[in-house]
>>> print(open('entry.txt').read())   # compact mmCIF, C-alpha atoms
# COMPACT_ATOMS: atom_id res chain seq x y z
CA MET G 1 -36.29 -12.55 -5.60
CA ALA G 2 -39.70 -13.72 -4.33
CA GLU G 3 -39.46 -16.82 -6.54
CA GLU G 4 -36.06 -17.65 -5.10
CA LEU G 5 -37.41 -17.32 -1.57
CA ASN G 6 -40.37 -19.55 -2.40
CA GLU G 7 -38.04 -22.13 -3.92
CA LEU G 8 -35.80 -22.02 -0.85
CA GLN G 9 -38.85 -22.43 1.40
CA GLU G 10 -40.10 -25.40 -0.65
CA ARG G 11 -36.71 -27.07 -0.47
CA ALA G 12 -36.54 -26.42 3.28
CA GLU G 13 -39.95 -28.03 3.71
CA HIS G 14 -38.83 -30.95 1.60
CA GLY G 15 -35.65 -31.08 3.66
CA ALA G 16 -37.68 -31.44 6.87
CA ALA G 17 -38.70 -34.86 5.64
CA ASP G 18 -35.12 -35.68 4.62
CA LYS G 19 -33.25 -36.57 7.81
CA SER G 20 -29.87 -36.44 6.08
CA ILE G 21 -29.94 -32.65 6.05
CA ALA G 22 -31.13 -32.24 9.64
CA PRO G 23 -27.56 -31.46 10.82
CA VAL G 24 -27.40 -28.71 8.19
CA THR G 25 -30.57 -27.04 9.44
CA VAL G 26 -29.37 -27.28 13.05
CA THR G 27 -26.03 -25.78 12.00
CA MET G 28 -27.84 -22.95 10.23
CA ALA G 29 -29.91 -22.23 13.35
CA ILE G 30 -26.78 -22.12 15.51
CA LEU G 31 -25.01 -19.88 12.99
CA ALA G 32 -28.00 -17.53 12.93
CA VAL G 33 -27.87 -17.19 16.72
CA MET G 34 -24.11 -16.63 16.60
CA VAL G 35 -24.57 -13.92 13.94
CA ALA G 36 -27.07 -12.16 16.21
CA VAL G 37 -24.80 -12.36 19.27
CA VAL G 38 -21.66 -11.20 17.47
CA SER G 39 -23.60 -8.45 15.71
CA LEU G 40 -24.86 -7.17 19.07
CA LEU G 41 -21.33 -7.24 20.49
CA GLY G 42 -20.06 -5.27 17.50
CA HIS G 43 -22.78 -2.64 17.80
CA ARG G 44 -22.17 -2.21 21.51
CA SER G 45 -18.44 -1.91 20.95
CA HIS G 46 -18.87 0.80 18.36
CA THR G 47 -21.32 2.66 20.61
CA GLU G 48 -18.78 2.54 23.43
CA GLU G 49 -16.11 3.72 20.99
CA LEU G 50 -18.21 6.79 20.11
CA LEU G 51 -18.81 7.57 23.78
CA LEU G 52 -15.09 7.37 24.52
CA GLN G 53 -14.31 9.54 21.51
CA THR G 54 -16.78 12.16 22.79
CA LYS G 55 -15.26 11.95 26.26
CA SER G 56 -11.72 12.54 24.98
CA THR G 57 -12.94 15.40 22.76
CA ASP G 58 -14.58 17.01 25.80
CA GLN G 59 -11.38 16.57 27.79
CA TRP G 60 -9.31 18.23 25.06
CA ALA G 61 -11.81 21.12 24.92
CA GLN G 62 -11.47 21.54 28.68
CA TYR G 63 -7.68 21.42 28.30
CA GLN G 64 -7.80 24.13 25.66
CA ALA G 65 -10.08 26.38 27.75
CA LYS G 66 -7.86 26.09 30.82
CA ASN G 67 -4.75 26.61 28.71
CA ILE G 68 -6.22 29.84 27.33
CA ARG G 69 -7.02 31.03 30.87
CA GLU G 70 -3.51 30.18 32.01
CA ARG G 71 -2.03 32.17 29.12
CA SER G 72 -4.34 35.10 29.88
CA TYR G 73 -3.12 35.18 33.47
CA GLU G 74 0.50 35.05 32.28
CA VAL G 75 -0.12 38.02 29.98
CA PHE G 76 -1.79 39.91 32.85
CA ILE G 77 1.23 39.29 35.11
CA ASP G 78 3.54 40.44 32.32
CA GLN G 79 1.50 43.62 31.94
CA LEU G 80 1.68 44.29 35.68
CA SER G 81 5.46 43.96 35.44
CA VAL G 82 5.82 46.32 32.50
CA PHE G 83 3.35 49.11 33.26
CA SER G 84 3.80 51.56 36.06
CA ILE G 85 1.27 50.90 38.77
CA GLY G 86 0.07 53.50 41.25
CA ASP G 87 -0.86 50.96 43.91
CA GLU G 88 2.26 48.75 44.07
CA PRO G 89 1.18 46.63 47.10
CA HIS G 90 -2.13 45.78 45.40
CA ALA G 91 -0.27 44.93 42.18
CA LYS G 92 2.01 42.50 44.09
CA GLU G 93 -1.05 40.93 45.67
CA LEU G 94 -2.64 40.46 42.22
CA LYS G 95 0.59 39.00 40.83
CA SER G 96 0.73 36.52 43.68
CA LYS G 97 -2.93 35.59 43.22
CA TYR G 98 -2.62 35.04 39.49
CA GLN G 99 0.71 33.22 39.82
CA SER G 100 -0.94 30.68 42.13
CA GLU G 101 -3.78 30.33 39.56
CA ILE G 102 -1.22 29.70 36.84
CA GLU G 103 0.41 26.98 38.94
CA ARG G 104 -3.00 25.41 39.65
CA TYR G 105 -3.92 25.45 35.96
CA HIS G 106 -0.56 23.99 35.04
CA THR G 107 -1.19 21.01 37.35
CA GLU G 108 -4.77 20.61 36.13
CA LEU G 109 -3.64 20.76 32.50
CA SER G 110 -1.26 17.85 32.92
CA ASP G 111 -3.99 15.80 34.62
CA ILE G 112 -6.53 16.62 31.90
CA MET G 113 -4.01 15.77 29.18
CA LYS G 114 -3.26 12.43 30.85
CA ASP G 115 -6.98 11.60 31.12
CA ALA G 116 -7.62 12.60 27.50
CA ARG G 117 -4.78 10.41 26.25
CA GLU G 118 -6.05 7.48 28.33
CA SER G 119 -9.54 7.95 26.85
CA GLU G 120 -8.05 8.02 23.34
CA ALA G 121 -6.10 4.82 24.01
CA GLU G 122 -9.21 3.11 25.39
CA GLN G 123 -11.19 4.31 22.38
CA ARG G 124 -8.63 2.77 20.01
CA LEU G 125 -8.81 -0.57 21.84
CA THR G 126 -12.60 -0.50 21.73
CA GLU G 127 -12.44 0.23 18.00
CA GLN G 128 -10.15 -2.76 17.46
CA ARG G 129 -12.50 -4.94 19.50
CA GLY G 130 -15.47 -3.78 17.45
CA ASN G 131 -13.61 -4.45 14.21
CA ARG G 132 -12.94 -8.04 15.31
CA PHE G 133 -16.62 -8.52 16.10
CA ASP G 134 -17.55 -7.06 12.70
CA LEU G 135 -15.20 -9.41 10.85
CA GLY G 136 -16.50 -12.36 12.85
CA GLU G 137 -20.06 -11.33 11.98
CA VAL G 138 -19.26 -11.18 8.26
CA LEU G 139 -17.70 -14.64 8.33
CA LEU G 140 -20.63 -16.08 10.28
CA GLU G 141 -23.09 -14.58 7.79
CA ALA G 142 -21.10 -16.05 4.91
CA ALA G 143 -21.05 -19.42 6.68
CA LEU G 144 -24.82 -19.28 7.08
CA VAL G 145 -25.31 -18.57 3.39
CA ILE G 146 -22.87 -21.29 2.32
CA CYS G 147 -24.57 -23.82 4.59
CA SER G 148 -27.94 -22.88 3.09
CA ILE G 149 -26.60 -23.81 -0.35
CA THR G 150 -26.48 -27.37 0.95
CA LEU G 151 -30.28 -27.32 1.14
CA LEU G 152 -30.48 -26.41 -2.54
CA THR G 153 -27.76 -28.66 -3.92
CA ARG G 154 -27.75 -31.53 -1.43
CA LYS G 155 -23.94 -31.43 -1.58
CA ARG G 156 -22.41 -31.76 1.88
CA LEU G 157 -19.25 -30.03 0.70
CA PHE G 158 -21.05 -26.70 1.14
CA TRP G 159 -22.03 -27.66 4.67
CA PHE G 160 -18.42 -28.49 5.56
CA GLY G 161 -17.22 -25.26 3.97
CA GLY G 162 -19.84 -23.30 5.90
CA LEU G 163 -18.79 -25.01 9.13
CA ALA G 164 -15.13 -24.11 8.53
CA ILE G 165 -15.94 -20.48 7.81
CA GLY G 166 -18.31 -20.41 10.79
CA PHE G 167 -15.60 -21.68 13.14
CA ALA G 168 -13.22 -19.05 11.75
CA GLY G 169 -15.86 -16.37 12.37
CA ILE G 170 -16.39 -17.52 15.95
CA ALA G 171 -12.61 -17.62 16.55
CA ILE G 172 -12.08 -14.12 15.18
CA ALA G 173 -15.01 -12.74 17.17
CA ALA G 174 -13.63 -14.41 20.30
CA THR G 175 -10.30 -12.59 19.83
CA GLY G 176 -12.27 -9.38 20.37
CA PHE G 177 -12.53 -10.35 24.04
CA MET G 178 -8.75 -10.73 24.24
CA ILE G 179 -8.01 -7.13 23.29
CA HIS G 180 -7.22 -5.16 26.44
>>> encode(input="entry.txt", output="structure tokens")
Amino acid sequence: MAEELNELQERAEHGAADKSIAPVTVTMAILAVMVAVVSLLGHRSHTEELLLQTKSTDQWAQYQAKNIRERSYEVFIDQLSVFSIGDEPHAKELKSKYQSEIERYHTELSDIMKDARESEAEQRLTEQRGNRFDLGEVLLEAALVICSITLLTRKRLFWFGGLAIGFAGIAIAATGFMIH
């Protein structure tokens, strides 16, 4: 591996004197920058995806906790209806209190469910965006490697192939911005 790197370095130094491969080295520098940019975009997208996934999980946990409380209040009201109560006016007051809590929880539950589903949908879009950036990164890395073969072989066909794959990588990464 070290020998291959030394050979590549020697050829690159030799290539500095050879002006015919200057466009190849400039292309490689541009591709390297594009790889870094697209890689950063992919990492940030996946980080955002994880944050949104955590947010929706928290929302579903809150939904579940409030749903359990709502059910507990419903059971309590049912018990007040079934059992004989010595203090009937106080029992009616408790029923009324817990019935209003049930109605409040019911409204809150639908809002929490809506928010959780929105977070899940946003998380899926962010995942798709990140996947586009990842694919673009892979293609740009491949383009960089293929262009570097030009330095070893002096065959411009590799440079043109690397350019084509690089443009495809940039195009695919750019579609990540179009996902909304």
>>> atom_distance(input="entry.txt", atom1="atom CA of Gly162 of chain G", atom2="atom CA of Gly136 of chain G")
13.4 Å
>>> residues_around(input="entry.txt", residues="Ile172 of chain G", least_positions_apart="2", cutoff="10 Å", atoms="only C-alpha atoms", output="list in words")
Asn131, Arg132, Phe133, Asp134, Leu135, Gly136, Glu137, Leu139, Gly166, Phe167, Ala168, Gly169, Ile170, Ala174, Thr175, Gly176 and Phe177 of chain G
>>> axis_aligned_box(input="entry.txt", around="segment 53-66 of chain G", padding_each_side="5 Å", output="AutoDock Vina command-line options")
--center_x -12.2 --center_y 18.0 --center_z 26.2 --size_x 19.1 --size_y 26.8 --size_z 19.3
>>> atom_distance(input="entry.txt", atom1="atom CA of Arg129 of chain G", atom2="atom CA of Val35 of chain G")
16.0 Å
>>> atom_distance(input="entry.txt", atom1="atom CA of Glu127 of chain G", atom2="atom CA of Thr57 of chain G")
15.9 Å
>>> closest_residue(input="entry.txt", among="G:Ala142, G:Ile179, G:Ile68, G:Val82", to="Gly161 of chain G", atoms="all atoms listed in the file")
G:Ala142
>>> closest_atom_pairs(input="entry.txt", of="segment 16-72 of chain G", to="segment 107-111 of chain G", cutoff="9 Å", atoms="all atoms listed in the file", output="tab-separated table")
residue	atom	partner	partner_atom	distance
G:Gln62	CA	G:Leu109	CA	8.7
G:Tyr63	CA	G:Leu109	CA	5.9
G:Gln64	CA	G:Leu109	CA	8.7
G:Lys66	CA	G:Leu109	CA	7.0
G:Asn67	CA	G:Leu109	CA	7.1
>>> write_last_selection(input="entry.txt", atoms="C-alpha atoms", output="compact mmCIF listing (two decimals), in the frame of the given file")
# COMPACT_ATOMS: atom_id res chain seq x y z
CA GLN G 62 -11.47 21.54 28.68
CA TYR G 63 -7.68 21.42 28.30
CA GLN G 64 -7.80 24.13 25.66
CA LYS G 66 -7.86 26.09 30.82
CA ASN G 67 -4.75 26.61 28.71
>>> residues_around(input="entry.txt", residues="Ser148 of chain G", least_positions_apart="3", cutoff="9 Å", atoms="all atoms listed in the file", output="NGL selection string")
:G and (8 or 24-25 or 28 or 143-145 or 151-152 or 158-159 or 162)
>>> closest_residue(input="entry.txt", among="G:Ala173, G:Ile77, G:Val26, G:Met113", to="Gln128 of chain G", atoms="only C-alpha atoms")
G:Ala173
>>> decode(input="entry.txt", residues="segment 46-65 of chain G", atoms="N, CA and C atoms", output="PDB file, in the first residue's frame")
ATOM      1  N   HIS G  46     -28.614  13.130   8.127  1.00  0.00           N
ATOM      2  CA  HIS G  46     -28.857  11.950   8.970  1.00  0.00           C
ATOM      3  C   HIS G  46     -28.933  12.331  10.446  1.00  0.00           C
ATOM      4  N   THR G  47     -28.194  13.347  10.858  1.00  0.00           N
ATOM      5  CA  THR G  47     -28.312  13.831  12.242  1.00  0.00           C
ATOM      6  C   THR G  47     -29.700  14.413  12.476  1.00  0.00           C
ATOM      7  N   GLU G  48     -30.171  15.207  11.522  1.00  0.00           N
ATOM      8  CA  GLU G  48     -31.512  15.775  11.629  1.00  0.00           C
ATOM      9  C   GLU G  48     -32.566  14.657  11.639  1.00  0.00           C
ATOM     10  N   GLU G  49     -32.348  13.638  10.846  1.00  0.00           N
ATOM     11  CA  GLU G  49     -33.265  12.497  10.800  1.00  0.00           C
ATOM     12  C   GLU G  49     -33.371  11.840  12.180  1.00  0.00           C
ATOM     13  N   LEU G  50     -32.234  11.643  12.833  1.00  0.00           N
ATOM     14  CA  LEU G  50     -32.242  11.042  14.178  1.00  0.00           C
ATOM     15  C   LEU G  50     -32.956  11.929  15.192  1.00  0.00           C
ATOM     16  N   LEU G  51     -32.746  13.235  15.095  1.00  0.00           N
ATOM     17  CA  LEU G  51     -33.424  14.154  16.008  1.00  0.00           C
ATOM     18  C   LEU G  51     -34.936  14.113  15.805  1.00  0.00           C
ATOM     19  N   LEU G  52     -35.364  14.063  14.558  1.00  0.00           N
ATOM     20  CA  LEU G  52     -36.801  13.987  14.273  1.00  0.00           C
ATOM     21  C   LEU G  52     -37.384  12.657  14.722  1.00  0.00           C
ATOM     22  N   GLN G  53     -36.615  11.595  14.578  1.00  0.00           N
ATOM     23  CA  GLN G  53     -37.079  10.284  15.034  1.00  0.00           C
ATOM     24  C   GLN G  53     -37.247  10.298  16.557  1.00  0.00           C
ATOM     25  N   THR G  54     -36.310  10.899  17.261  1.00  0.00           N
ATOM     26  CA  THR G  54     -36.408  11.010  18.719  1.00  0.00           C
ATOM     27  C   THR G  54     -37.612  11.855  19.109  1.00  0.00           C
ATOM     28  N   LYS G  55     -37.823  12.943  18.382  1.00  0.00           N
ATOM     29  CA  LYS G  55     -38.968  13.815  18.669  1.00  0.00           C
ATOM     30  C   LYS G  55     -40.290  13.054  18.506  1.00  0.00           C
ATOM     31  N   SER G  56     -40.434  12.316  17.415  1.00  0.00           N
ATOM     32  CA  SER G  56     -41.689  11.585  17.203  1.00  0.00           C
ATOM     33  C   SER G  56     -41.855  10.469  18.239  1.00  0.00           C
ATOM     34  N   THR G  57     -40.755   9.833  18.632  1.00  0.00           N
ATOM     35  CA  THR G  57     -40.826   8.799  19.674  1.00  0.00           C
ATOM     36  C   THR G  57     -41.289   9.413  20.994  1.00  0.00           C
ATOM     37  N   ASP G  58     -40.756  10.583  21.317  1.00  0.00           N
ATOM     38  CA  ASP G  58     -41.186  11.277  22.542  1.00  0.00           C
ATOM     39  C   ASP G  58     -42.666  11.647  22.471  1.00  0.00           C
ATOM     40  N   GLN G  59     -43.106  12.084  21.305  1.00  0.00           N
ATOM     41  CA  GLN G  59     -44.514  12.445  21.150  1.00  0.00           C
ATOM     42  C   GLN G  59     -45.420  11.222  21.320  1.00  0.00           C
ATOM     43  N   TRP G  60     -44.995  10.082  20.765  1.00  0.00           N
ATOM     44  CA  TRP G  60     -45.805   8.875  20.933  1.00  0.00           C
ATOM     45  C   TRP G  60     -45.810   8.403  22.390  1.00  0.00           C
ATOM     46  N   ALA G  61     -44.706   8.598  23.102  1.00  0.00           N
ATOM     47  CA  ALA G  61     -44.667   8.247  24.533  1.00  0.00           C
ATOM     48  C   ALA G  61     -45.614   9.144  25.320  1.00  0.00           C
ATOM     49  N   GLN G  62     -45.628  10.424  24.972  1.00  0.00           N
ATOM     50  CA  GLN G  62     -46.558  11.347  25.631  1.00  0.00           C
ATOM     51  C   GLN G  62     -48.003  10.956  25.302  1.00  0.00           C
ATOM     52  N   TYR G  63     -48.259  10.582  24.073  1.00  0.00           N
ATOM     53  CA  TYR G  63     -49.590  10.133  23.667  1.00  0.00           C
ATOM     54  C   TYR G  63     -50.015   8.939  24.504  1.00  0.00           C
ATOM     55  N   GLN G  64     -49.126   7.982  24.632  1.00  0.00           N
ATOM     56  CA  GLN G  64     -49.441   6.770  25.385  1.00  0.00           C
ATOM     57  C   GLN G  64     -49.723   7.086  26.857  1.00  0.00           C
ATOM     58  N   ALA G  65     -48.917   7.954  27.457  1.00  0.00           N
ATOM     59  CA  ALA G  65     -49.118   8.312  28.874  1.00  0.00           C
ATOM     60  C   ALA G  65     -50.463   8.999  29.072  1.00  0.00           C
TER      61      ALA G  65
END
